[in-house]
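The file coords-v8.csv comes next; it holds CSV, N, CA and C atoms and all ligand atoms.
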chain,number,residue,atom,x,y,z
A,1,MET,N,-12.8,-11.2,23.2
A,1,MET,CA,-11.8,-10.9,24.2
A,1,MET,C,-10.5,-11.7,23.9
A,2,LYS,N,-9.5,-11.2,24.4
A,2,LYS,CA,-8.2,-11.8,24.2
A,2,LYS,C,-7.9,-13.0,25.0
A,3,HIS,N,-8.4,-12.9,26.2
A,3,HIS,CA,-8.1,-14.0,27.2
A,3,HIS,C,-9.4,-14.7,27.6
A,4,ILE,N,-9.2,-15.9,28.1
A,4,ILE,CA,-10.4,-16.6,28.6
A,4,ILE,C,-10.7,-16.0,29.9
A,5,LYS,N,-12.0,-15.6,30.1
A,5,LYS,CA,-12.4,-14.9,31.3
A,5,LYS,C,-13.6,-15.7,31.9
A,6,CYS,N,-13.5,-16.0,33.1
A,6,CYS,CA,-14.6,-16.8,33.7
A,6,CYS,C,-15.8,-15.9,33.8
A,7,PRO,N,-16.9,-16.4,33.3
A,7,PRO,CA,-18.2,-15.6,33.4
A,7,PRO,C,-18.8,-15.5,34.8
A,8,TYR,N,-18.3,-16.3,35.7
A,8,TYR,CA,-18.9,-16.2,37.0
A,8,TYR,C,-18.1,-15.3,37.9
A,9,CYS,N,-16.8,-15.5,38.0
A,9,CYS,CA,-16.0,-14.6,38.9
A,9,CYS,C,-15.2,-13.6,38.2
A,10,GLY,N,-15.1,-13.7,36.9
A,10,GLY,CA,-14.4,-12.7,36.2
A,10,GLY,C,-12.9,-12.9,36.1
A,11,LEU,N,-12.4,-14.0,36.6
A,11,LEU,CA,-11.0,-14.3,36.5
A,11,LEU,C,-10.5,-14.4,35.1
A,12,GLU,N,-9.5,-13.6,34.8
A,12,GLU,CA,-9.0,-13.5,33.4
A,12,GLU,C,-7.5,-13.9,33.5
A,13,ASP,N,-7.2,-15.1,33.1
A,13,ASP,CA,-5.8,-15.5,33.2
A,13,ASP,C,-5.6,-16.6,32.3
A,14,ASN,N,-5.2,-16.3,31.1
A,14,ASN,CA,-5.0,-17.2,30.0
A,14,ASN,C,-4.1,-18.4,30.4
A,15,GLU,N,-3.0,-18.1,31.1
A,15,GLU,CA,-2.0,-19.1,31.4
A,15,GLU,C,-2.6,-20.2,32.2
A,16,SER,N,-3.6,-19.9,33.0
A,16,SER,CA,-4.2,-21.0,33.8
A,16,SER,C,-5.1,-22.0,33.1
A,17,TYR,N,-5.6,-21.6,32.0
A,17,TYR,CA,-6.5,-22.5,31.3
A,17,TYR,C,-5.8,-23.2,30.2
A,18,GLU,N,-6.0,-24.5,30.1
A,18,GLU,CA,-5.5,-25.2,29.0
A,18,GLU,C,-6.6,-25.5,28.0
A,19,PHE,N,-6.6,-24.8,26.9
A,19,PHE,CA,-7.7,-24.8,26.0
A,19,PHE,C,-7.1,-24.9,24.6
A,20,ASP,N,-7.3,-26.0,23.9
A,20,ASP,CA,-6.7,-26.0,22.5
A,20,ASP,C,-7.7,-26.6,21.5
A,21,GLN,N,-9.0,-26.3,21.7
A,21,GLN,CA,-10.0,-26.8,20.8
A,21,GLN,C,-10.9,-25.6,20.5
A,22,GLU,N,-11.8,-25.8,19.5
A,22,GLU,CA,-12.6,-24.6,19.1
A,22,GLU,C,-13.8,-24.4,20.1
A,23,ASP,N,-14.4,-25.4,20.6
A,23,ASP,CA,-15.5,-25.3,21.5
A,23,ASP,C,-15.2,-26.3,22.6
A,24,GLY,N,-15.6,-25.9,23.8
A,24,GLY,CA,-15.5,-26.8,24.9
A,24,GLY,C,-15.8,-26.1,26.2
A,25,THR,N,-15.5,-26.8,27.3
A,25,THR,CA,-15.7,-26.2,28.6
A,25,THR,C,-14.4,-26.3,29.4
A,26,VAL,N,-14.2,-25.3,30.2
A,26,VAL,CA,-13.1,-25.4,31.2
A,26,VAL,C,-13.6,-25.1,32.6
A,27,GLU,N,-12.8,-25.4,33.5
A,27,GLU,CA,-13.2,-25.2,34.9
A,27,GLU,C,-12.3,-24.0,35.4
A,28,CYS,N,-13.0,-23.1,36.0
A,28,CYS,CA,-12.3,-21.9,36.5
A,28,CYS,C,-11.3,-22.3,37.6
A,29,VAL,N,-10.1,-21.8,37.5
A,29,VAL,CA,-9.1,-22.2,38.5
A,29,VAL,C,-9.4,-21.5,39.9
A,30,ASP,N,-10.2,-20.5,39.8
A,30,ASP,CA,-10.5,-19.8,41.0
A,30,ASP,C,-11.8,-20.2,41.7
A,31,CYS,N,-12.9,-20.0,41.0
A,31,CYS,CA,-14.2,-20.4,41.6
A,31,CYS,C,-14.6,-21.8,41.3
A,32,GLU,N,-13.8,-22.5,40.5
A,32,GLU,CA,-14.0,-23.9,40.2
A,32,GLU,C,-15.3,-24.2,39.5
A,33,LYS,N,-16.0,-23.2,38.9
A,33,LYS,CA,-17.2,-23.5,38.1
A,33,LYS,C,-16.8,-23.8,36.7
A,34,GLU,N,-17.6,-24.6,36.0
A,34,GLU,CA,-17.3,-24.9,34.7
A,34,GLU,C,-18.0,-24.0,33.8
A,35,PHE,N,-17.4,-23.5,32.7
A,35,PHE,CA,-18.1,-22.7,31.7
A,35,PHE,C,-17.7,-23.0,30.3
A,36,ASN,N,-18.5,-22.5,29.4
A,36,ASN,CA,-18.3,-22.7,28.0
A,36,ASN,C,-17.2,-21.8,27.4
A,37,VAL,N,-16.4,-22.3,26.5
A,37,VAL,CA,-15.5,-21.4,25.8
A,37,VAL,C,-15.5,-21.8,24.4
A,38,SER,N,-15.6,-20.8,23.5
A,38,SER,CA,-15.4,-21.1,22.1
A,38,SER,C,-14.4,-20.1,21.6
A,39,ARG,N,-13.5,-20.6,20.7
A,39,ARG,CA,-12.4,-19.9,20.3
A,39,ARG,C,-12.6,-19.5,18.8
A,40,THR,N,-12.4,-18.2,18.6
A,40,THR,CA,-12.4,-17.7,17.2
A,40,THR,C,-11.1,-17.2,16.8
A,41,ILE,N,-10.6,-17.6,15.7
A,41,ILE,CA,-9.3,-17.1,15.2
A,41,ILE,C,-9.5,-16.4,13.9
A,42,GLU,N,-9.1,-15.2,13.9
A,42,GLU,CA,-9.3,-14.4,12.7
A,42,GLU,C,-7.9,-14.2,12.0
A,43,ILE,N,-7.8,-14.5,10.8
A,43,ILE,CA,-6.6,-14.2,10.1
A,43,ILE,C,-6.8,-13.2,9.0
A,44,THR,N,-6.0,-12.2,9.0
A,44,THR,CA,-6.1,-11.2,7.9
A,44,THR,C,-4.8,-11.1,7.2
A,45,TYR,N,-4.9,-10.8,5.9
A,45,TYR,CA,-3.6,-10.6,5.2
A,45,TYR,C,-3.6,-9.2,4.6
A,46,SER,N,-2.5,-8.6,4.5
A,46,SER,CA,-2.4,-7.4,3.8
A,46,SER,C,-1.0,-7.5,3.0
A,47,THR,N,-1.1,-7.0,1.8
A,47,THR,CA,0.1,-7.1,1.0
A,47,THR,C,0.6,-5.8,0.4
A,48,SER,N,1.8,-5.7,0.1
A,48,SER,CA,2.3,-4.5,-0.6
A,48,SER,C,3.6,-4.9,-1.4
A,49,LYS,N,3.9,-4.2,-2.4
A,49,LYS,CA,5.0,-4.5,-3.2
A,49,LYS,C,6.3,-4.2,-2.4
A,50,ILE,N,7.3,-5.0,-2.7
A,50,ILE,CA,8.6,-4.8,-2.0
A,50,ILE,C,9.3,-3.7,-2.8
A,51,ALA,N,9.6,-2.6,-2.1
A,51,ALA,CA,10.3,-1.5,-2.8
A,51,ALA,C,11.7,-1.9,-3.2
A,52,CYS,N,12.1,-1.5,-4.4
A,52,CYS,CA,13.4,-1.9,-4.9
A,52,CYS,C,14.5,-1.0,-4.2
A,53,GLU,N,15.7,-1.5,-4.2
A,53,GLU,CA,16.8,-0.6,-3.8
A,53,GLU,C,16.9,0.4,-4.9
A,54,ASP,N,17.5,1.5,-4.6
A,54,ASP,CA,17.5,2.7,-5.5
A,54,ASP,C,18.1,2.3,-6.9
A,55,ASP,N,19.0,1.4,-7.0
A,55,ASP,CA,19.6,1.1,-8.3
A,55,ASP,C,19.1,-0.2,-8.9
A,56,GLU,N,18.0,-0.7,-8.3
A,56,GLU,CA,17.5,-1.9,-8.8
A,56,GLU,C,16.2,-1.8,-9.6
A,57,HIS,N,15.7,-0.6,-9.8
A,57,HIS,CA,14.5,-0.5,-10.6
A,57,HIS,C,14.6,-1.0,-12.0
A,58,ASP,N,13.6,-1.6,-12.4
A,58,ASP,CA,13.5,-2.1,-13.8
A,58,ASP,C,12.5,-1.3,-14.5
A,59,TYR,N,12.9,-0.2,-15.1
A,59,TYR,CA,12.0,0.7,-15.7
A,59,TYR,C,11.5,0.3,-17.0
A,60,LYS,N,10.2,0.4,-17.3
A,60,LYS,CA,9.7,0.3,-18.6
A,60,LYS,C,8.9,1.6,-19.0
A,61,ILE,N,8.8,1.9,-20.2
A,61,ILE,CA,8.2,3.1,-20.6
A,61,ILE,C,6.7,3.0,-20.4
A,62,ASP,N,6.2,4.0,-19.7
A,62,ASP,CA,4.8,4.0,-19.3
A,62,ASP,C,4.0,4.9,-20.3
A,63,CYS,N,4.5,6.1,-20.5
A,63,CYS,CA,3.8,7.0,-21.5
A,63,CYS,C,4.7,8.2,-21.8
A,64,TYR,N,4.3,8.9,-22.8
A,64,TYR,CA,5.0,10.2,-23.1
A,64,TYR,C,4.1,11.3,-22.7
A,65,PHE,N,4.8,12.4,-22.4
A,65,PHE,CA,4.1,13.5,-21.9
A,65,PHE,C,4.7,14.8,-22.5
A,66,ILE,N,3.8,15.6,-23.1
A,66,ILE,CA,4.3,16.9,-23.6
A,66,ILE,C,3.7,18.0,-22.8
A,67,SER,N,4.6,18.8,-22.3
A,67,SER,CA,4.2,20.0,-21.5
A,67,SER,C,4.1,21.2,-22.4
A,68,LYS,N,2.8,21.5,-22.6
A,68,LYS,CA,2.5,22.6,-23.5
A,68,LYS,C,2.1,23.9,-22.9
A,69,ARG,N,2.1,23.9,-21.6
A,69,ARG,CA,1.8,25.1,-20.8
A,69,ARG,C,2.8,25.4,-19.8
A,70,GLU,N,2.7,26.6,-19.3
A,70,GLU,CA,3.7,27.0,-18.3
A,70,GLU,C,2.9,27.8,-17.3
A,71,ARG,N,3.3,27.6,-16.1
A,71,ARG,CA,2.7,28.4,-15.0
A,71,ARG,C,3.0,29.9,-15.2
A,72,ASP,N,1.9,30.6,-15.1
A,72,ASP,CA,2.1,32.1,-15.2
A,72,ASP,C,2.0,32.7,-13.9
A,73,TYR,N,3.1,33.0,-13.3
A,73,TYR,CA,3.1,33.5,-11.9
A,73,TYR,C,2.6,34.9,-11.8
A,74,THR,N,2.4,35.6,-12.9
A,74,THR,CA,1.9,37.0,-12.8
A,74,THR,C,0.4,36.9,-12.7
A,75,ALA,N,-0.2,35.9,-13.2
A,75,ALA,CA,-1.7,35.7,-13.1
A,75,ALA,C,-1.9,34.7,-11.9
A,76,LYS,N,-3.0,34.9,-11.2
A,76,LYS,CA,-3.3,34.1,-10.0
A,76,LYS,C,-3.7,32.7,-10.5
A,77,GLY,N,-2.9,31.7,-10.2
A,77,GLY,CA,-3.2,30.3,-10.5
A,77,GLY,C,-3.4,30.1,-12.0
A,78,GLY,N,-2.8,31.0,-12.8
A,78,GLY,CA,-3.0,30.9,-14.2
A,78,GLY,C,-1.9,30.1,-14.9
A,79,TRP,N,-2.3,29.6,-16.1
A,79,TRP,CA,-1.3,28.9,-17.0
A,79,TRP,C,-1.3,29.6,-18.3
A,80,VAL,N,-0.2,29.6,-18.9
A,80,VAL,CA,-0.2,30.1,-20.3
A,80,VAL,C,0.2,29.0,-21.2
A,81,ASN,N,-0.4,29.1,-22.4
A,81,ASN,CA,0.0,28.1,-23.4
A,81,ASN,C,1.3,28.6,-24.1
A,82,LEU,N,2.2,27.6,-24.2
A,82,LEU,CA,3.5,27.9,-24.8
A,82,LEU,C,3.4,27.7,-26.3
A,83,ARG,N,4.3,28.4,-27.0
A,83,ARG,CA,4.4,28.1,-28.4
A,83,ARG,C,5.1,26.8,-28.6
A,84,GLU,N,4.9,26.2,-29.8
A,84,GLU,CA,5.3,24.8,-30.0
A,84,GLU,C,6.8,24.6,-29.8
A,85,HIS,N,7.6,25.6,-30.1
A,85,HIS,CA,9.1,25.4,-30.0
A,85,HIS,C,9.5,25.5,-28.5
A,86,ASP,N,8.6,25.9,-27.6
A,86,ASP,CA,8.9,25.9,-26.2
A,86,ASP,C,8.4,24.7,-25.4
A,87,TRP,N,7.7,23.8,-26.1
A,87,TRP,CA,7.2,22.7,-25.4
A,87,TRP,C,8.3,21.8,-24.9
A,88,THR,N,8.0,21.2,-23.8
A,88,THR,CA,9.0,20.2,-23.3
A,88,THR,C,8.4,18.8,-23.3
A,89,TYR,N,9.3,17.9,-23.6
A,89,TYR,CA,8.9,16.5,-23.9
A,89,TYR,C,9.4,15.6,-22.8
A,90,TYR,N,8.6,14.7,-22.3
A,90,TYR,CA,9.0,13.8,-21.3
A,90,TYR,C,8.6,12.4,-21.6
A,91,ARG,N,9.5,11.5,-21.1
A,91,ARG,CA,9.1,10.1,-21.2
A,91,ARG,C,8.9,9.7,-19.7
A,92,ILE,N,7.8,9.0,-19.4
A,92,ILE,CA,7.6,8.6,-18.1
A,92,ILE,C,7.8,7.1,-18.0
A,93,GLU,N,8.6,6.7,-17.1
A,93,GLU,CA,8.9,5.3,-17.0
A,93,GLU,C,8.5,4.8,-15.6
A,94,ILE,N,8.0,3.6,-15.5
A,94,ILE,CA,7.6,3.1,-14.2
A,94,ILE,C,8.3,1.8,-14.0
A,95,CYS,N,8.6,1.5,-12.8
A,95,CYS,CA,9.3,0.3,-12.5
A,95,CYS,C,8.4,-0.9,-12.5
A,96,CYS,N,8.8,-2.1,-13.1
A,96,CYS,CA,8.0,-3.3,-13.1
A,96,CYS,C,7.8,-3.9,-11.8
A,97,HIS,N,8.6,-3.6,-10.8
A,97,HIS,CA,8.6,-4.3,-9.6
A,97,HIS,C,7.9,-3.5,-8.4
A,98,CYS,N,8.1,-2.2,-8.5
A,98,CYS,CA,7.5,-1.4,-7.4
A,98,CYS,C,6.8,-0.2,-8.1
A,99,ASP,N,6.4,0.8,-7.3
A,99,ASP,CA,5.7,1.9,-7.9
A,99,ASP,C,6.5,3.1,-8.2
A,100,ALA,N,7.8,2.9,-8.3
A,100,ALA,CA,8.7,4.0,-8.6
A,100,ALA,C,8.5,4.5,-10.0
A,101,LYS,N,8.6,5.8,-10.1
A,101,LYS,CA,8.4,6.5,-11.4
A,101,LYS,C,9.6,7.4,-11.7
A,102,ASP,N,9.9,7.4,-13.0
A,102,ASP,CA,11.0,8.3,-13.4
A,102,ASP,C,10.5,9.1,-14.6
A,103,ILE,N,10.8,10.4,-14.4
A,103,ILE,CA,10.4,11.3,-15.5
A,103,ILE,C,11.6,11.8,-16.2
A,104,ILE,N,11.7,11.5,-17.5
A,104,ILE,CA,13.0,11.9,-18.2
A,104,ILE,C,12.6,12.9,-19.3
A,105,GLU,N,13.4,13.9,-19.3
A,105,GLU,CA,13.1,14.9,-20.3
A,105,GLU,C,13.8,14.4,-21.6
A,106,ILE,N,13.1,14.5,-22.7
A,106,ILE,CA,13.6,14.0,-24.0
A,106,ILE,C,13.5,15.1,-25.0
A,107,THR,N,14.0,14.9,-26.1
A,107,THR,CA,13.9,15.9,-27.2
A,107,THR,C,12.6,15.7,-28.0
A,108,LYS,N,12.2,16.7,-28.8
A,108,LYS,CA,11.0,16.6,-29.6
A,108,LYS,C,11.2,15.4,-30.6
A,109,ASP,N,12.4,15.2,-31.2
A,109,ASP,CA,12.6,14.1,-32.1
A,109,ASP,C,12.4,12.8,-31.5
A,110,GLU,N,12.9,12.6,-30.3
A,110,GLU,CA,12.7,11.4,-29.6
A,110,GLU,C,11.2,11.1,-29.4
A,111,CYS,N,10.5,12.1,-29.0
A,111,CYS,CA,9.1,12.0,-28.7
A,111,CYS,C,8.3,11.7,-30.0
A,112,ASP,N,8.6,12.4,-31.1
A,112,ASP,CA,7.9,12.2,-32.3
A,112,ASP,C,8.2,10.8,-32.8
A,113,PHE,N,9.4,10.4,-32.7
A,113,PHE,CA,9.8,9.0,-33.2
A,113,PHE,C,9.0,8.0,-32.4
A,114,ALA,N,9.0,8.1,-31.1
A,114,ALA,CA,8.3,7.1,-30.2
A,114,ALA,C,6.8,7.1,-30.5
A,115,LEU,N,6.2,8.2,-30.8
A,115,LEU,CA,4.8,8.3,-30.9
A,115,LEU,C,4.4,7.7,-32.3
A,116,VAL,N,5.3,7.8,-33.3
A,116,VAL,CA,5.0,7.3,-34.6
A,116,VAL,C,5.1,5.8,-34.6
A,117,VAL,N,6.1,5.3,-33.9
A,117,VAL,CA,6.4,3.8,-33.9
A,117,VAL,C,5.3,3.0,-33.1
B,1,ZN,ZN,-14.3,-18.2,38.1
B,2,ZN,ZN,11.4,-0.5,-8.5
As C-alpha cells, please, write out the structure in this file.
Ligand SMILES: [Zn+2]
Ligand SMILES: [Zn+2]
Amino acid sequence: MKHIKCPYCGLEDNESYEFDQEDGTVECVDCEKEFNVSRTIEITYSTSKIACEDDEHDYKIDCYFISKRERDYTAKGGWVNLREHDWTYYRIEICCHCDAKDIIEITKDECDFALVV
C-alpha cells in the first residue's frame, strides 16, 4: 500500500505518522493502538536513447541494399524481378547516437565500389 494504514481501525493518513525506518512500530493517531510497519522501497530504472535534433544525426554506413524486384500491381501481392539495369541501389546509414535511419539512393558504381572495398 502507498500509505500507512492502521490494521485495527483502518485509518490511512500518511501525514500523521512519522516513520523513517525500514521496520518499526507506530501508534495510531486515532485508536492509539501500536502496530508494526515495514517499509519497502522499490526502485526501477528504464532507459532510452536521447533522440537527436534533426540536423544532429551522426550517420555511419550500416549496409548496402540492392532493390532487384518491383511490386507488380497487376498481380495480387506479387513482385516481379527486374532486369539488372533497372536495379536500384541504396546505402543505408544509421545514426551513432539514436535509432535514426537514412536511406540514400546511390549509383551502381558507388555500390560496386563500396562492396569491393
Ligand atoms: Zn487505528
Ligand atoms: Zn541521431
Top pick for closest residue to Ala51 (chain A), considering A:Cys96, A:Ile104, A:Val116, A:Val80 and counting only C-alpha atoms:
A:Cys96
Residues of chain A that have any atom at most 6 Å from an atom of ligand ZN 2 (chain B): could you tabulate them with the shortest-distance atom pair and the distance in Å to one decimal, using only C-alpha atoms and all ligand atoms, ordered by chain and increasing number, as CSV?
residue,atom,partner,partner_atom,distance
A:Ala51,CA,B:ZN2,ZN,5.9
A:Cys52,CA,B:ZN2,ZN,4.3
A:His57,CA,B:ZN2,ZN,3.7
A:Asp58,CA,B:ZN2,ZN,5.9
A:Cys95,CA,B:ZN2,ZN,4.6
A:His97,CA,B:ZN2,ZN,4.8
A:Cys98,CA,B:ZN2,ZN,4.2
A:Ala100,CA,B:ZN2,ZN,5.2
Shell of 12 Å around ligand ZN 1 (chain B) (only C-alpha atoms and all ligand atoms), written as a compact mmCIF listing (two decimals) with N, CA and C atoms, in the frame of the given file:
# COMPACT_ATOMS: atom_id res chain seq x y z
N ILE A 4 -9.20 -15.90 28.10
CA ILE A 4 -10.40 -16.60 28.60
C ILE A 4 -10.70 -16.00 29.90
N LYS A 5 -12.00 -15.60 30.10
CA LYS A 5 -12.40 -14.90 31.30
C LYS A 5 -13.60 -15.70 31.90
N CYS A 6 -13.50 -16.00 33.10
CA CYS A 6 -14.60 -16.80 33.70
C CYS A 6 -15.80 -15.90 33.80
N PRO A 7 -16.90 -16.40 33.30
CA PRO A 7 -18.20 -15.60 33.40
C PRO A 7 -18.80 -15.50 34.80
N TYR A 8 -18.30 -16.30 35.70
CA TYR A 8 -18.90 -16.20 37.00
C TYR A 8 -18.10 -15.30 37.90
N CYS A 9 -16.80 -15.50 38.00
CA CYS A 9 -16.00 -14.60 38.90
C CYS A 9 -15.20 -13.60 38.20
N GLY A 10 -15.10 -13.70 36.90
CA GLY A 10 -14.40 -12.70 36.20
C GLY A 10 -12.90 -12.90 36.10
N LEU A 11 -12.40 -14.00 36.60
CA LEU A 11 -11.00 -14.30 36.50
C LEU A 11 -10.50 -14.40 35.10
N GLU A 12 -9.50 -13.60 34.80
CA GLU A 12 -9.00 -13.50 33.40
C GLU A 12 -7.50 -13.90 33.50
N ASP A 13 -7.20 -15.10 33.10
CA ASP A 13 -5.80 -15.50 33.20
C ASP A 13 -5.60 -16.60 32.30
N SER A 16 -3.60 -19.90 33.00
CA SER A 16 -4.20 -21.00 33.80
C SER A 16 -5.10 -22.00 33.10
N TYR A 17 -5.60 -21.60 32.00
CA TYR A 17 -6.50 -22.50 31.30
C TYR A 17 -5.80 -23.20 30.20
N VAL A 26 -14.20 -25.30 30.20
CA VAL A 26 -13.10 -25.40 31.20
C VAL A 26 -13.60 -25.10 32.60
N GLU A 27 -12.80 -25.40 33.50
CA GLU A 27 -13.20 -25.20 34.90
C GLU A 27 -12.30 -24.00 35.40
N CYS A 28 -13.00 -23.10 36.00
CA CYS A 28 -12.30 -21.90 36.50
C CYS A 28 -11.30 -22.30 37.60
N VAL A 29 -10.10 -21.80 37.50
CA VAL A 29 -9.10 -22.20 38.50
C VAL A 29 -9.40 -21.50 39.90
N ASP A 30 -10.20 -20.50 39.80
CA ASP A 30 -10.50 -19.80 41.00
C ASP A 30 -11.80 -20.20 41.70
N CYS A 31 -12.90 -20.00 41.00
CA CYS A 31 -14.20 -20.40 41.60
C CYS A 31 -14.60 -21.80 41.30
N GLU A 32 -13.80 -22.50 40.50
CA GLU A 32 -14.00 -23.90 40.20
C GLU A 32 -15.30 -24.20 39.50
N LYS A 33 -16.00 -23.20 38.90
CA LYS A 33 -17.20 -23.50 38.10
C LYS A 33 -16.80 -23.80 36.70
N GLU A 34 -17.60 -24.60 36.00
CA GLU A 34 -17.30 -24.90 34.70
C GLU A 34 -18.00 -24.00 33.80
N PHE A 35 -17.40 -23.50 32.70
CA PHE A 35 -18.10 -22.70 31.70
C PHE A 35 -17.70 -23.00 30.30
N ASN A 36 -18.50 -22.50 29.40
CA ASN A 36 -18.30 -22.70 28.00
C ASN A 36 -17.20 -21.80 27.40
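Between atom C of Glu84 (chain A) and atom N of Asp109 (chain A) lies a distance of 11.0 Å.
With distances restricted to all atoms listed in the file, A:Asp62 is the closest residue to Glu93 (chain A) from A:Asp62, A:Glu42, A:Glu53, A:Glu70.
Shortest atom-to-atom contact with Cys111 (chain A) among A:Asn81, A:Ser38, A:Ser67, A:Thr44: A:Ser67, counting only C-alpha atoms.
Put simply, CA of Gln21 (chain A) is 10.1 Å away from CA of Thr40 (chain A).
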How far is it from atom C of Thr107 (chain A) to atom N of Thr88 (chain A), in Å with one decimal?
8.3 Å
Based on the backbone DSSP call, show me all residues of chain A assigned alpha helix (DSSP H), as JSON, numbers by chain.
{"A": [108, 109, 110, 111, 112, 113, 114, 115, 116]}
Near Ile92 (chain A), counting only C-alpha atoms, which residues have an atom at most 6 Å away, once you skip same-chain residues fewer than 3 positions from it, shown as a ChimeraX atom specification?
/A:62-64,102-103
